[in-house]
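Engineer: One file is attached below, my_file-v7.cif, containing mmCIF, C-alpha atoms and all ligand atoms.
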data_work
#
loop_
_atom_site.label_atom_id
_atom_site.label_comp_id
_atom_site.auth_asym_id
_atom_site.auth_seq_id
_atom_site.Cartn_x
_atom_site.Cartn_y
_atom_site.Cartn_z
CA MET A 1 61.72 -24.75 112.79
CA LEU A 2 61.60 -22.76 109.58
CA TYR A 3 58.99 -23.85 107.07
CA ARG A 4 60.32 -22.21 103.99
CA MET A 5 57.73 -20.65 101.67
CA ARG A 6 54.94 -22.72 103.21
CA ARG A 7 54.64 -24.77 100.04
CA LEU A 8 52.08 -27.07 101.55
CA ARG A 9 49.59 -24.28 102.03
CA GLN A 10 49.88 -22.74 98.62
CA SER A 11 47.07 -22.78 96.13
CA GLU A 12 47.77 -22.88 92.40
CA ASN A 13 47.10 -19.12 92.23
CA LEU A 14 49.64 -18.47 94.94
CA ARG A 15 52.21 -20.66 93.27
CA GLN A 16 51.69 -18.72 90.05
CA LEU A 17 52.35 -15.42 91.81
CA ARG A 18 55.74 -16.67 92.95
CA ARG A 19 56.91 -17.97 89.59
CA GLU A 20 60.24 -16.64 88.42
CA VAL A 21 59.71 -17.41 84.74
CA ARG A 22 56.73 -17.77 82.45
CA LEU A 23 56.24 -18.63 78.80
CA ASN A 24 54.94 -15.97 76.45
CA ILE A 25 54.09 -16.29 72.81
CA GLU A 26 56.89 -13.77 72.09
CA ASP A 27 59.45 -16.27 73.40
CA PHE A 28 58.97 -18.59 70.45
CA VAL A 29 60.51 -18.83 67.00
CA TYR A 30 59.04 -21.50 64.74
CA PRO A 31 61.32 -23.22 62.18
CA LEU A 32 59.76 -23.65 58.76
CA PHE A 33 61.00 -25.81 55.87
CA VAL A 34 60.36 -24.83 52.28
CA VAL A 35 60.80 -27.20 49.34
CA PRO A 36 60.59 -26.88 45.54
CA GLY A 37 57.47 -28.06 43.73
CA LYS A 38 53.76 -27.34 43.96
CA ASN A 39 50.94 -28.36 46.20
CA ILE A 40 53.23 -29.99 48.75
CA LYS A 41 52.55 -30.27 52.45
CA ARG A 42 54.42 -33.40 53.46
CA GLU A 43 55.25 -34.58 56.95
CA ILE A 44 59.00 -34.80 57.52
CA PRO A 45 59.59 -38.46 58.36
CA SER A 46 62.23 -37.70 60.99
CA LEU A 47 60.22 -34.87 62.64
CA LYS A 48 56.71 -35.75 63.75
CA ASP A 49 54.08 -33.09 62.96
CA GLN A 50 56.62 -30.93 61.12
CA PHE A 51 56.17 -30.44 57.40
CA HIS A 52 57.86 -29.57 54.15
CA HIS A 53 55.87 -26.85 52.39
CA SER A 54 56.03 -25.75 48.78
CA ILE A 55 55.87 -21.99 48.29
CA ASP A 56 52.30 -22.03 46.93
CA MET A 57 51.16 -23.79 50.11
CA LEU A 58 52.76 -21.27 52.47
CA ILE A 59 49.57 -19.27 52.47
CA TYR A 60 47.87 -21.96 54.59
CA GLU A 61 50.81 -22.41 56.93
CA ILE A 62 51.33 -18.69 57.50
CA GLU A 63 47.62 -18.31 58.19
CA SER A 64 47.72 -21.10 60.75
CA ILE A 65 50.84 -19.64 62.38
CA SER A 66 49.32 -16.15 62.49
CA ASN A 67 46.06 -17.44 63.94
CA LEU A 68 48.00 -19.03 66.77
CA GLY A 69 49.67 -15.70 67.49
CA ILE A 70 53.18 -16.82 66.51
CA LYS A 71 55.18 -13.79 65.40
CA TYR A 72 58.58 -15.17 64.52
CA ILE A 73 59.61 -17.84 62.04
CA MET A 74 62.99 -19.22 61.03
CA LEU A 75 63.14 -20.22 57.42
CA PHE A 76 65.11 -23.15 55.97
CA GLY A 77 65.17 -23.97 52.27
CA ILE A 78 65.77 -27.20 50.43
CA PRO A 79 66.96 -26.28 46.93
CA GLU A 80 66.14 -27.85 43.58
CA SER A 81 69.76 -28.81 42.98
CA LYS A 82 73.13 -28.67 44.72
CA ASP A 83 76.67 -27.84 43.63
CA ASP A 84 80.02 -27.43 45.34
CA ILE A 85 79.60 -23.70 45.99
CA GLY A 86 75.95 -23.96 47.01
CA SER A 87 74.76 -21.50 44.32
CA GLY A 88 71.14 -22.15 45.25
CA SER A 89 71.69 -20.31 48.52
CA PHE A 90 72.34 -16.85 47.08
CA ILE A 91 70.59 -16.64 43.70
CA GLU A 92 67.83 -14.08 43.43
CA ASP A 93 65.15 -16.67 42.72
CA GLY A 94 66.44 -19.22 45.22
CA ILE A 95 63.98 -21.14 47.35
CA VAL A 96 64.43 -19.01 50.49
CA GLN A 97 64.45 -15.73 48.55
CA ARG A 98 61.12 -16.60 46.89
CA ALA A 99 59.66 -17.92 50.13
CA VAL A 100 60.53 -14.73 52.04
CA LYS A 101 58.85 -12.58 49.39
CA LYS A 102 55.77 -14.79 49.49
CA ILE A 103 55.52 -14.76 53.30
CA LYS A 104 55.90 -10.98 53.40
CA GLU A 105 53.12 -10.75 50.82
CA ILE A 106 50.84 -13.01 52.88
CA ASN A 107 51.52 -11.37 56.22
CA PRO A 108 54.05 -8.53 56.46
CA GLU A 109 53.78 -8.56 60.27
CA ILE A 110 55.44 -11.96 60.61
CA VAL A 111 59.12 -11.49 61.43
CA VAL A 112 61.10 -13.66 59.04
CA ILE A 113 64.47 -14.90 60.26
CA THR A 114 66.48 -16.68 57.57
CA ASP A 115 69.00 -19.42 58.16
CA VAL A 116 72.24 -18.35 56.50
CA CYS A 117 74.21 -21.50 55.79
CA MET A 118 75.37 -23.60 52.88
CA CYS A 119 74.98 -27.20 54.00
CA GLU A 120 71.56 -27.70 52.37
CA TYR A 121 72.93 -26.25 49.12
CA THR A 122 76.37 -27.80 48.71
CA SER A 123 76.80 -31.17 47.01
CA HIS A 124 79.27 -32.20 49.75
CA GLY A 125 76.87 -31.16 52.55
CA HIS A 126 79.42 -29.04 54.42
CA CYS A 127 78.62 -25.54 55.70
CA GLY A 128 80.99 -23.71 53.39
CA ILE A 129 83.44 -23.76 50.51
CA LEU A 130 86.03 -26.53 50.64
CA ASN A 131 89.73 -26.31 49.80
CA GLN A 132 91.73 -29.04 48.01
CA ASN A 133 92.07 -30.96 51.26
CA GLY A 134 88.34 -31.19 51.71
CA LEU A 135 88.36 -28.77 54.63
CA ILE A 136 86.40 -25.51 54.93
CA ASP A 137 88.16 -22.48 53.47
CA ASN A 138 87.12 -19.98 56.14
CA ASP A 139 87.73 -16.73 54.29
CA LYS A 140 86.15 -17.84 51.02
CA THR A 141 83.19 -19.18 52.99
CA ILE A 142 82.49 -15.92 54.79
CA SER A 143 82.35 -13.98 51.54
CA TYR A 144 79.72 -16.47 50.30
CA LEU A 145 77.82 -16.24 53.57
CA SER A 146 77.68 -12.47 53.14
CA LYS A 147 76.31 -12.94 49.63
CA ILE A 148 73.61 -15.24 51.04
CA ALA A 149 72.73 -12.83 53.86
CA LEU A 150 72.54 -9.92 51.43
CA SER A 151 70.27 -11.82 49.05
CA HIS A 152 67.99 -12.66 51.98
CA ALA A 153 67.86 -9.01 53.05
CA GLU A 154 67.10 -7.99 49.47
CA SER A 155 64.17 -10.41 49.46
CA GLY A 156 62.77 -8.84 52.61
CA ALA A 157 64.17 -10.94 55.46
CA ASP A 158 63.86 -9.14 58.80
CA ILE A 159 66.76 -10.88 60.53
CA VAL A 160 69.60 -12.98 59.12
CA CYS A 161 70.85 -15.92 61.10
CA PRO A 162 74.25 -17.42 60.25
CA SER A 163 74.33 -21.02 61.46
CA ASP A 164 77.80 -21.99 60.31
CA MET A 165 80.64 -21.43 62.75
CA SER A 166 83.16 -19.69 60.47
CA ASP A 167 85.44 -17.10 62.03
CA ASN A 168 84.67 -13.42 61.39
CA ARG A 169 81.46 -14.10 59.52
CA VAL A 170 79.36 -11.76 61.66
CA TYR A 171 81.72 -8.87 60.94
CA HIS A 172 81.80 -9.66 57.23
CA ILE A 173 78.00 -10.00 56.99
CA ARG A 174 77.46 -6.77 59.00
CA LYS A 175 79.82 -4.87 56.71
CA THR A 176 78.13 -6.22 53.59
CA LEU A 177 74.62 -5.47 54.82
CA ASP A 178 75.58 -1.93 55.89
CA ALA A 179 77.36 -1.20 52.62
CA ASN A 180 74.18 -2.12 50.77
CA GLY A 181 71.87 -0.04 52.92
CA TYR A 182 70.52 -2.83 55.15
CA ILE A 183 71.65 -1.20 58.36
CA ASN A 184 68.37 -2.18 60.00
CA VAL A 185 68.63 -5.91 59.40
CA PRO A 186 69.92 -7.45 62.63
CA ILE A 187 72.16 -10.49 62.86
CA MET A 188 71.14 -13.35 65.08
CA ALA A 189 74.28 -15.42 65.32
CA HIS A 190 74.77 -19.05 66.21
CA SER A 191 77.58 -18.07 68.55
CA THR A 192 77.94 -21.46 70.08
CA LYS A 193 76.94 -24.34 67.92
CA PHE A 194 78.23 -27.61 69.23
CA ALA A 195 79.17 -30.55 67.00
CA SER A 196 76.16 -32.41 68.35
CA GLY A 197 74.45 -35.70 67.64
CA PHE A 198 71.12 -34.02 68.33
CA TYR A 199 70.95 -32.58 64.78
CA GLU A 200 70.46 -35.91 63.07
CA PRO A 201 66.72 -35.71 62.35
CA PHE A 202 67.26 -32.21 60.88
CA ARG A 203 69.89 -33.50 58.47
CA ASP A 204 67.31 -35.95 57.13
CA ALA A 205 64.75 -33.15 56.95
CA CYS A 206 67.12 -30.92 55.00
CA ASP A 207 69.09 -33.61 53.21
CA SER A 208 72.20 -31.88 54.54
CA ALA A 209 74.35 -34.61 56.08
CA PRO A 210 78.00 -34.18 55.08
CA SER A 211 79.00 -36.68 52.38
CA HIS A 212 82.43 -37.13 53.97
CA GLY A 213 83.86 -36.39 57.39
CA ASP A 214 81.94 -34.49 60.05
CA ARG A 215 81.56 -30.92 61.28
CA LYS A 216 83.97 -31.18 64.17
CA ASN A 217 86.53 -28.81 62.71
CA TYR A 218 84.10 -25.92 62.52
CA GLN A 219 81.41 -26.66 65.11
CA MET A 220 82.36 -26.50 68.77
CA ASP A 221 83.69 -29.38 70.85
CA PHE A 222 81.05 -30.20 73.45
CA HIS A 223 83.66 -30.80 76.12
CA ASN A 224 84.22 -27.04 76.40
CA SER A 225 82.25 -24.27 78.02
CA ARG A 226 84.80 -21.47 78.48
CA GLU A 227 85.50 -21.61 74.77
CA ALA A 228 81.79 -20.90 74.24
CA ILE A 229 82.25 -17.56 75.98
CA ILE A 230 85.11 -16.68 73.65
CA GLU A 231 82.88 -17.46 70.65
CA GLY A 232 80.16 -15.23 72.12
CA GLU A 233 82.61 -12.40 72.74
CA HIS A 234 83.74 -12.54 69.13
CA ASP A 235 80.21 -12.36 67.80
CA LEU A 236 79.31 -9.52 70.15
CA ILE A 237 82.34 -7.48 69.12
CA GLU A 238 81.74 -8.26 65.43
CA GLY A 239 78.24 -6.80 65.69
CA ALA A 240 75.80 -9.62 66.47
CA ASP A 241 72.43 -8.48 67.85
CA ILE A 242 71.23 -11.76 69.33
CA LEU A 243 73.40 -14.71 70.44
CA ILE A 244 72.28 -18.31 69.99
CA VAL A 245 73.32 -21.36 71.97
CA LYS A 246 72.59 -24.62 70.20
CA PRO A 247 71.43 -27.26 71.09
CA ALA A 248 69.39 -26.32 74.15
CA LEU A 249 68.62 -29.12 76.57
CA ALA A 250 72.02 -30.69 77.08
CA TYR A 251 73.57 -27.20 76.99
CA LEU A 252 71.62 -25.16 79.51
CA ASP A 253 74.82 -24.53 81.45
CA ILE A 254 76.04 -22.62 78.40
CA VAL A 255 72.75 -20.70 78.13
CA LYS A 256 73.15 -19.71 81.76
CA SER A 257 76.72 -18.56 81.29
CA TYR A 258 75.72 -16.55 78.21
CA ARG A 259 73.02 -14.93 80.30
CA ASP A 260 75.56 -14.05 82.98
CA ASN A 261 78.26 -12.85 80.58
CA PHE A 262 76.44 -10.99 77.83
CA ASN A 263 73.85 -8.24 77.88
CA LEU A 264 72.46 -9.10 74.45
CA PRO A 265 69.26 -11.13 74.04
CA ILE A 266 70.08 -14.83 74.35
CA ALA A 267 68.37 -17.42 72.21
CA THR A 268 68.58 -21.17 72.39
CA TYR A 269 67.77 -23.63 69.62
CA ASN A 270 65.81 -26.60 70.91
CA VAL A 271 66.96 -28.81 68.05
CA SER A 272 65.43 -31.65 66.08
CA GLY A 273 66.86 -34.52 68.14
CA GLU A 274 65.66 -32.98 71.38
CA TYR A 275 62.20 -32.52 69.93
CA GLN A 276 61.92 -35.96 68.44
CA MET A 277 63.25 -37.61 71.59
CA LEU A 278 60.47 -36.14 73.73
CA VAL A 279 57.76 -36.59 71.13
CA LYS A 280 58.65 -40.27 70.76
CA ALA A 281 58.71 -40.77 74.52
CA VAL A 282 55.20 -39.34 74.75
CA GLU A 283 54.00 -41.30 71.71
CA ASN A 284 55.19 -44.49 73.39
CA ASN A 285 53.57 -43.63 76.72
CA ILE A 286 56.92 -43.49 78.45
CA LEU A 287 56.39 -39.88 79.50
CA SER A 288 53.39 -37.58 79.47
CA GLU A 289 53.02 -34.36 77.50
CA ASN A 290 53.79 -32.20 80.55
CA ILE A 291 57.47 -32.71 79.87
CA TYR A 292 57.21 -30.32 76.91
CA TYR A 293 56.29 -27.54 79.30
CA GLU A 294 58.85 -28.59 81.88
CA THR A 295 61.72 -28.56 79.39
CA LEU A 296 60.71 -25.23 77.81
CA ILE A 297 60.55 -23.71 81.28
CA ALA A 298 64.03 -25.08 81.97
CA MET A 299 65.31 -23.11 78.97
CA LYS A 300 63.72 -19.91 80.30
CA ARG A 301 65.04 -20.56 83.79
CA ALA A 302 68.55 -21.02 82.39
CA GLY A 303 68.21 -17.53 80.93
CA ALA A 304 66.98 -17.88 77.36
CA ASP A 305 65.01 -14.87 76.13
CA ILE A 306 64.15 -16.59 72.88
CA ILE A 307 63.45 -20.27 72.18
CA ILE A 308 63.68 -21.60 68.63
CA THR A 309 61.61 -24.75 68.73
CA TYR A 310 59.47 -27.21 66.78
CA PHE A 311 57.15 -27.05 69.82
CA SER A 312 56.20 -23.44 69.00
CA LYS A 313 52.78 -24.28 67.57
CA TYR A 314 52.01 -26.62 70.44
CA ALA A 315 53.11 -23.95 72.92
CA ALA A 316 51.08 -21.29 71.13
CA GLU A 317 47.93 -23.40 71.42
CA LYS A 318 48.48 -23.88 75.16
CA ILE A 319 49.25 -20.20 75.71
CA LYS A 320 46.29 -19.09 73.62
CA SER A 321 43.89 -21.29 75.55
CA LYS A 322 45.46 -20.12 78.84
CA ILE A 323 46.54 -23.62 79.80
CA TRP A 324 50.14 -22.37 80.08
C1 LIG B 1 72.99 -25.98 59.57
C2 LIG B 1 71.95 -26.26 60.57
C3 LIG B 1 71.76 -27.44 61.29
C4 LIG B 1 70.67 -27.21 62.11
C5 LIG B 1 70.21 -25.92 61.86
N1 LIG B 1 71.04 -25.34 60.92
C6 LIG B 1 72.39 -28.75 61.20
C7 LIG B 1 73.82 -28.99 61.29
O1 LIG B 1 74.64 -28.19 61.69
O2 LIG B 1 74.15 -30.12 60.93
C8 LIG B 1 70.09 -28.18 63.07
C9 LIG B 1 68.76 -27.84 63.61
C10 LIG B 1 68.06 -28.98 64.23
O3 LIG B 1 68.64 -30.05 64.49
O4 LIG B 1 66.88 -28.81 64.53
N2 LIG B 1 72.54 -25.12 58.59
#
As structure tokens, what does this structure read like?
Structural biologist:
Amino acid sequence: MLYRMRRLRQSENLRQLRREVRLNIEDFVYPLFVVPGKNIKREIPSLKDQFHHSIDMLIYEIESISNLGIKYIMLFGIPESKDDIGSGSFIEDGIVQRAVKKIKEINPEIVVITDVCMCEYTSHGHCGILNQNGLIDNDKTISYLSKIALSHAESGADIVCPSDMSDNRVYHIRKTLDANGYINVPIMAHSTKFASGFYEPFRDACDSAPSHGDRKNYQMDFHNSREAIIEGEHDLIEGADILIVKPALAYLDIVKSYRDNFNLPIATYNVSGEYQMLVKAVENNILSENIYYETLIAMKRAGADIIITYFSKYAAEKIKSKIW
């Protein structure tokens, strides 16, 4: 009889020695939402314990993030006004551009990753420029995305993160950044972003739901996994530095195959619906808080090097107090 690993005799210390993955503070990227106005720190109704911050209030948030040891943030902006080309996304004094400058002033050590997309800024809520038929014009869109990425780099962003799914945008952004001297600003690309129902709370948070149609003709069909590899290959060849799989939980098979197929760092975005689903289950005493740990570990086990998550502050507290 073979008693494998003698689990019954193991102490907690022994179990810890044998662990294949662990959570570190460096695994986490914390999404942050910036809004126009003054003196605003307002809970986002669809995302418990997550807040909209006005730029003047960032000082408190960045301090709290830094005290927890979080090093990486992903910045989303909600603009003052919208139009059909999403001008608010690339103007010099846009919400994200001002926020990046402010954060860098408060704490230059924090690595600021900016979301490069148009859906929060366009009046129609789609992630690009539309043609007469109401569909995304891919080539026009990528030239705008490059403008956005460049304006972020000019404001001091450390990493730009295109979250649309337009073809050739990584190449176009890379070329634009390089031509303007930003050769050291990496691109973290949403290589596989599925047309998922798990984004719904985020669309409320960012007021970015499409006013007509859906995102199925530019985000990926969730029936496919081999296609996800093709998307990753494109981004790698075009010059991406980090590949993102999004969402995370229902897509860990894709995270795993990215891990096996690509030698770039792999990130996964543990999106709003996944967060809210667990938080609500805990709030209603259906599950206990341990599931946060269990699911984050699942992402690491699947092969994620980086986890973008609304749980980052929670995780940082646990890691800091050596509970995790
Ligand atoms: C698009 C964008 C979305 C998310 C991040 N960037 C939404 C979408 O594609 O509709 C979703 C993130 C989340 O759900 O937490 N700019």
Engineer: Just the residues within 10 Å of Asp158 of chain A, please, counting all atoms listed in the file, with nothing from its chain fewer than 4 positions along; format it as a JSON list (two decimals) with C-alpha atoms, in the frame of the given file.
Structural biologist:
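Listed below is the output, around-v4.json:
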[["chain", "number", "residue", "atom", "x", "y", "z"],
["A", 72, "TYR", "CA", 58.58, -15.17, 64.52],
["A", 100, "VAL", "CA", 60.53, -14.73, 52.04],
["A", 104, "LYS", "CA", 55.90, -10.98, 53.40],
["A", 110, "ILE", "CA", 55.44, -11.96, 60.61],
["A", 111, "VAL", "CA", 59.12, -11.49, 61.43],
["A", 112, "VAL", "CA", 61.10, -13.66, 59.04],
["A", 113, "ILE", "CA", 64.47, -14.90, 60.26],
["A", 114, "THR", "CA", 66.48, -16.68, 57.57],
["A", 152, "HIS", "CA", 67.99, -12.66, 51.98],
["A", 153, "ALA", "CA", 67.86, -9.01, 53.05],
["A", 154, "GLU", "CA", 67.10, -7.99, 49.47],
["A", 182, "TYR", "CA", 70.52, -2.83, 55.15],
["A", 184, "ASN", "CA", 68.37, -2.18, 60.00],
["A", 185, "VAL", "CA", 68.63, -5.91, 59.40],
["A", 186, "PRO", "CA", 69.92, -7.45, 62.63],
["A", 187, "ILE", "CA", 72.16, -10.49, 62.86]]
Engineer: For Ala250 of chain A, which of A:Ser163, A:Ser155, A:Ser146, A:Asn270 is the closest residue, counting all atoms listed in the file?
Structural biologist: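 Using all atoms listed in the file, Ala250 of chain A sits closest to A:Asn270.
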Engineer: Could you give me, as a VMD selection string, every polymer residue with an atom at most 10 Å away from an atom of ligand LIG 1 (chain B), counting all atoms listed in the file?
Structural biologist: chain A and resid 31 47 74 76 to 77 115 to 121 125 to 127 161 to 165 190 193 to 210 214 to 215 218 to 219 246 to 247 269 to 276 308 to 310
Engineer: Quick one: pull the distance between atom CA of Val245 of chain A and atom CA of Arg174 of chain A, Å, one decimal.
Structural biologist: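 Atom CA of Arg174 of chain A lies at a distance of 20.0 Å from atom CA of Val245 of chain A.
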Engineer: Listed atoms of segment 273-289 of chain A, axis-aligned box, 6 Å per side: centre and edge lengths to one decimal in Å, as lines of an AutoDock Vina configuration file?
Structural biologist:
center_x = 59.9
center_y = -38.5
center_z = 73.8
size_x = 25.8
size_y = 24.0
size_z = 23.4
Engineer: One decimal, in Å: what's the spacing between atom CA of Ile85 of chain A and atom CA of Gly213 of chain A?
Structural biologist: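 Computing the Euclidean distance for atom CA of Ile85 of chain A and atom CA of Gly213 of chain A yields 17.6 Å.
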Engineer: Would you pick out the contacts of Leu264 of chain A at 12 Å or less, using all atoms listed in the file, so that residues sharing its chain but fewer than 5 positions from it are not included, and give the list as a CSV table (one decimal) with C-alpha atoms, in the frame of the given file?
Structural biologist:
chain,number,residue,atom,x,y,z
A,187,ILE,CA,72.2,-10.5,62.9
A,188,MET,CA,71.1,-13.4,65.1
A,189,ALA,CA,74.3,-15.4,65.3
A,191,SER,CA,77.6,-18.1,68.6
A,232,GLY,CA,80.2,-15.2,72.1
A,233,GLU,CA,82.6,-12.4,72.7
A,235,ASP,CA,80.2,-12.4,67.8
A,236,LEU,CA,79.3,-9.5,70.2
A,237,ILE,CA,82.3,-7.5,69.1
A,239,GLY,CA,78.2,-6.8,65.7
A,240,ALA,CA,75.8,-9.6,66.5
A,241,ASP,CA,72.4,-8.5,67.8
A,242,ILE,CA,71.2,-11.8,69.3
A,243,LEU,CA,73.4,-14.7,70.4
A,244,ILE,CA,72.3,-18.3,70.0
A,258,TYR,CA,75.7,-16.6,78.2
A,259,ARG,CA,73.0,-14.9,80.3
A,303,GLY,CA,68.2,-17.5,80.9
A,304,ALA,CA,67.0,-17.9,77.4
A,305,ASP,CA,65.0,-14.9,76.1
A,306,ILE,CA,64.2,-16.6,72.9
Engineer: Determine, counting all atoms listed in the file, which protein, DNA and RNA residues have an atom within 7 Å of an atom of Lys82 of chain A; residues of the same chain fewer than 4 positions away are not included. Present the result as a ChimeraX atom specification.
Structural biologist: /A:86,88,121-123
Engineer: Using only C-alpha atoms, which residue out of A:Leu32, A:Ala157, A:Leu278, A:Ile291 lies closest to Glu109 of chain A?
Structural biologist: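 Among the listed residues, the smallest separation from Glu109 of chain A belongs to A:Ala157.
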Engineer: Rank nothing, just name the residue among A:Ile25, A:Ile91, A:Leu130, A:Val160 nearest to Ile70 of chain A, using only C-alpha atoms.
Structural biologist: A:Ile25
Engineer: With all atoms listed in the file counted, which protein, DNA or RNA residues have an atom no more than 12 Å from (51.8, -19.1, 62.3) in the file frame? Please answer as number ranges by chain.
Structural biologist: A: 25, 28-32, 58-74, 103, 106-107, 109-112, 312-317
Engineer: Give me a file of those residues, with C-alpha atoms, as a compact mmCIF listing (two decimals), keeping the file's coordinate frame.
Structural biologist:
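Result written to part-v8.txt:
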# COMPACT_ATOMS: atom_id res chain seq x y z
CA ILE A 25 54.09 -16.29 72.81
CA PHE A 28 58.97 -18.59 70.45
CA VAL A 29 60.51 -18.83 67.00
CA TYR A 30 59.04 -21.50 64.74
CA PRO A 31 61.32 -23.22 62.18
CA LEU A 32 59.76 -23.65 58.76
CA LEU A 58 52.76 -21.27 52.47
CA ILE A 59 49.57 -19.27 52.47
CA TYR A 60 47.87 -21.96 54.59
CA GLU A 61 50.81 -22.41 56.93
CA ILE A 62 51.33 -18.69 57.50
CA GLU A 63 47.62 -18.31 58.19
CA SER A 64 47.72 -21.10 60.75
CA ILE A 65 50.84 -19.64 62.38
CA SER A 66 49.32 -16.15 62.49
CA ASN A 67 46.06 -17.44 63.94
CA LEU A 68 48.00 -19.03 66.77
CA GLY A 69 49.67 -15.70 67.49
CA ILE A 70 53.18 -16.82 66.51
CA LYS A 71 55.18 -13.79 65.40
CA TYR A 72 58.58 -15.17 64.52
CA ILE A 73 59.61 -17.84 62.04
CA MET A 74 62.99 -19.22 61.03
CA ILE A 103 55.52 -14.76 53.30
CA ILE A 106 50.84 -13.01 52.88
CA ASN A 107 51.52 -11.37 56.22
CA GLU A 109 53.78 -8.56 60.27
CA ILE A 110 55.44 -11.96 60.61
CA VAL A 111 59.12 -11.49 61.43
CA VAL A 112 61.10 -13.66 59.04
CA SER A 312 56.20 -23.44 69.00
CA LYS A 313 52.78 -24.28 67.57
CA TYR A 314 52.01 -26.62 70.44
CA ALA A 315 53.11 -23.95 72.92
CA ALA A 316 51.08 -21.29 71.13
CA GLU A 317 47.93 -23.40 71.42
Engineer: In the coordinate frame of the file, compute which residues have an atom within 12 Å of (79.4, -6.4, 49.0) when using only C-alpha atoms, and state them as a list in words.
Structural biologist: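 Within the cut-off we find Ile142, Ser143, Tyr144, Leu145, Ser146, Lys147, Ile148, Ala149, Leu150, Ser151, His172, Ile173, Arg174, Lys175, Thr176, Leu177, Asp178, Ala179, Asn180, Gly181 and Tyr182 of chain A.
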Engineer: Take the residues from that selection and put them in a file with C-alpha atoms, as a JSON list (two decimals), keeping the file's coordinate frame.
Structural biologist:
[["chain", "number", "residue", "atom", "x", "y", "z"],
["A", 142, "ILE", "CA", 82.49, -15.92, 54.79],
["A", 143, "SER", "CA", 82.35, -13.98, 51.54],
["A", 144, "TYR", "CA", 79.72, -16.47, 50.30],
["A", 145, "LEU", "CA", 77.82, -16.24, 53.57],
["A", 146, "SER", "CA", 77.68, -12.47, 53.14],
["A", 147, "LYS", "CA", 76.31, -12.94, 49.63],
["A", 148, "ILE", "CA", 73.61, -15.24, 51.04],
["A", 149, "ALA", "CA", 72.73, -12.83, 53.86],
["A", 150, "LEU", "CA", 72.54, -9.92, 51.43],
["A", 151, "SER", "CA", 70.27, -11.82, 49.05],
["A", 172, "HIS", "CA", 81.80, -9.66, 57.23],
["A", 173, "ILE", "CA", 78.00, -10.00, 56.99],
["A", 174, "ARG", "CA", 77.46, -6.77, 59.00],
["A", 175, "LYS", "CA", 79.82, -4.87, 56.71],
["A", 176, "THR", "CA", 78.13, -6.22, 53.59],
["A", 177, "LEU", "CA", 74.62, -5.47, 54.82],
["A", 178, "ASP", "CA", 75.58, -1.93, 55.89],
["A", 179, "ALA", "CA", 77.36, -1.20, 52.62],
["A", 180, "ASN", "CA", 74.18, -2.12, 50.77],
["A", 181, "GLY", "CA", 71.87, -0.04, 52.92],
["A", 182, "TYR", "CA", 70.52, -2.83, 55.15]]
Engineer: Grab the atom CA of Arg301 of chain A to atom CA of Tyr251 of chain A distance for me, in Å with one decimal place.
Structural biologist: 12.8 Å
Engineer: Ile136 of chain A: which residues within 10 Å, counting all atoms listed in the file, same-chain residues fewer than 2 positions away excluded, as a list in words?
Structural biologist: His126, Cys127, Gly128, Ile129, Leu130, Asn131, Gln132, Asn133, Gly134, Asn138, Asp139, Lys140, Thr141, Ser166, Arg215, Asn217 and Tyr218 of chain A
Engineer: A:Ile159, A:Thr192, A:Arg22, A:Ile95: which is nearest Ser81 of chain A, counting only C-alpha atoms?
Structural biologist: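 The closest residue to Ser81 of chain A is A:Ile95.
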Engineer: Can you put N, CA, C and O atoms back into segment 292-298 of chain A and show it as a compact mmCIF listing (two decimals), keeping the file's coordinate frame?
Structural biologist:
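Below is the file that was written, selection08.txt:
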# COMPACT_ATOMS: atom_id res chain seq x y z
N TYR A 292 56.93 -31.39 77.88
CA TYR A 292 57.21 -30.32 76.91
C TYR A 292 57.31 -28.99 77.66
O TYR A 292 58.22 -28.21 77.46
N TYR A 293 56.32 -28.77 78.51
CA TYR A 293 56.29 -27.54 79.30
C TYR A 293 57.51 -27.47 80.22
O TYR A 293 58.20 -26.46 80.29
N GLU A 294 57.75 -28.57 80.90
CA GLU A 294 58.85 -28.59 81.88
C GLU A 294 60.19 -28.26 81.22
O GLU A 294 61.00 -27.50 81.78
N THR A 295 60.42 -28.81 80.04
CA THR A 295 61.72 -28.56 79.39
C THR A 295 61.80 -27.14 78.83
O THR A 295 62.86 -26.51 78.88
N LEU A 296 60.68 -26.62 78.32
CA LEU A 296 60.71 -25.23 77.81
C LEU A 296 60.95 -24.26 78.96
O LEU A 296 61.70 -23.29 78.83
N ILE A 297 60.32 -24.54 80.10
CA ILE A 297 60.55 -23.71 81.28
C ILE A 297 62.02 -23.77 81.70
O ILE A 297 62.61 -22.76 82.09
N ALA A 298 62.61 -24.95 81.60
CA ALA A 298 64.03 -25.08 81.97
C ALA A 298 64.90 -24.15 81.13
O ALA A 298 65.87 -23.57 81.62
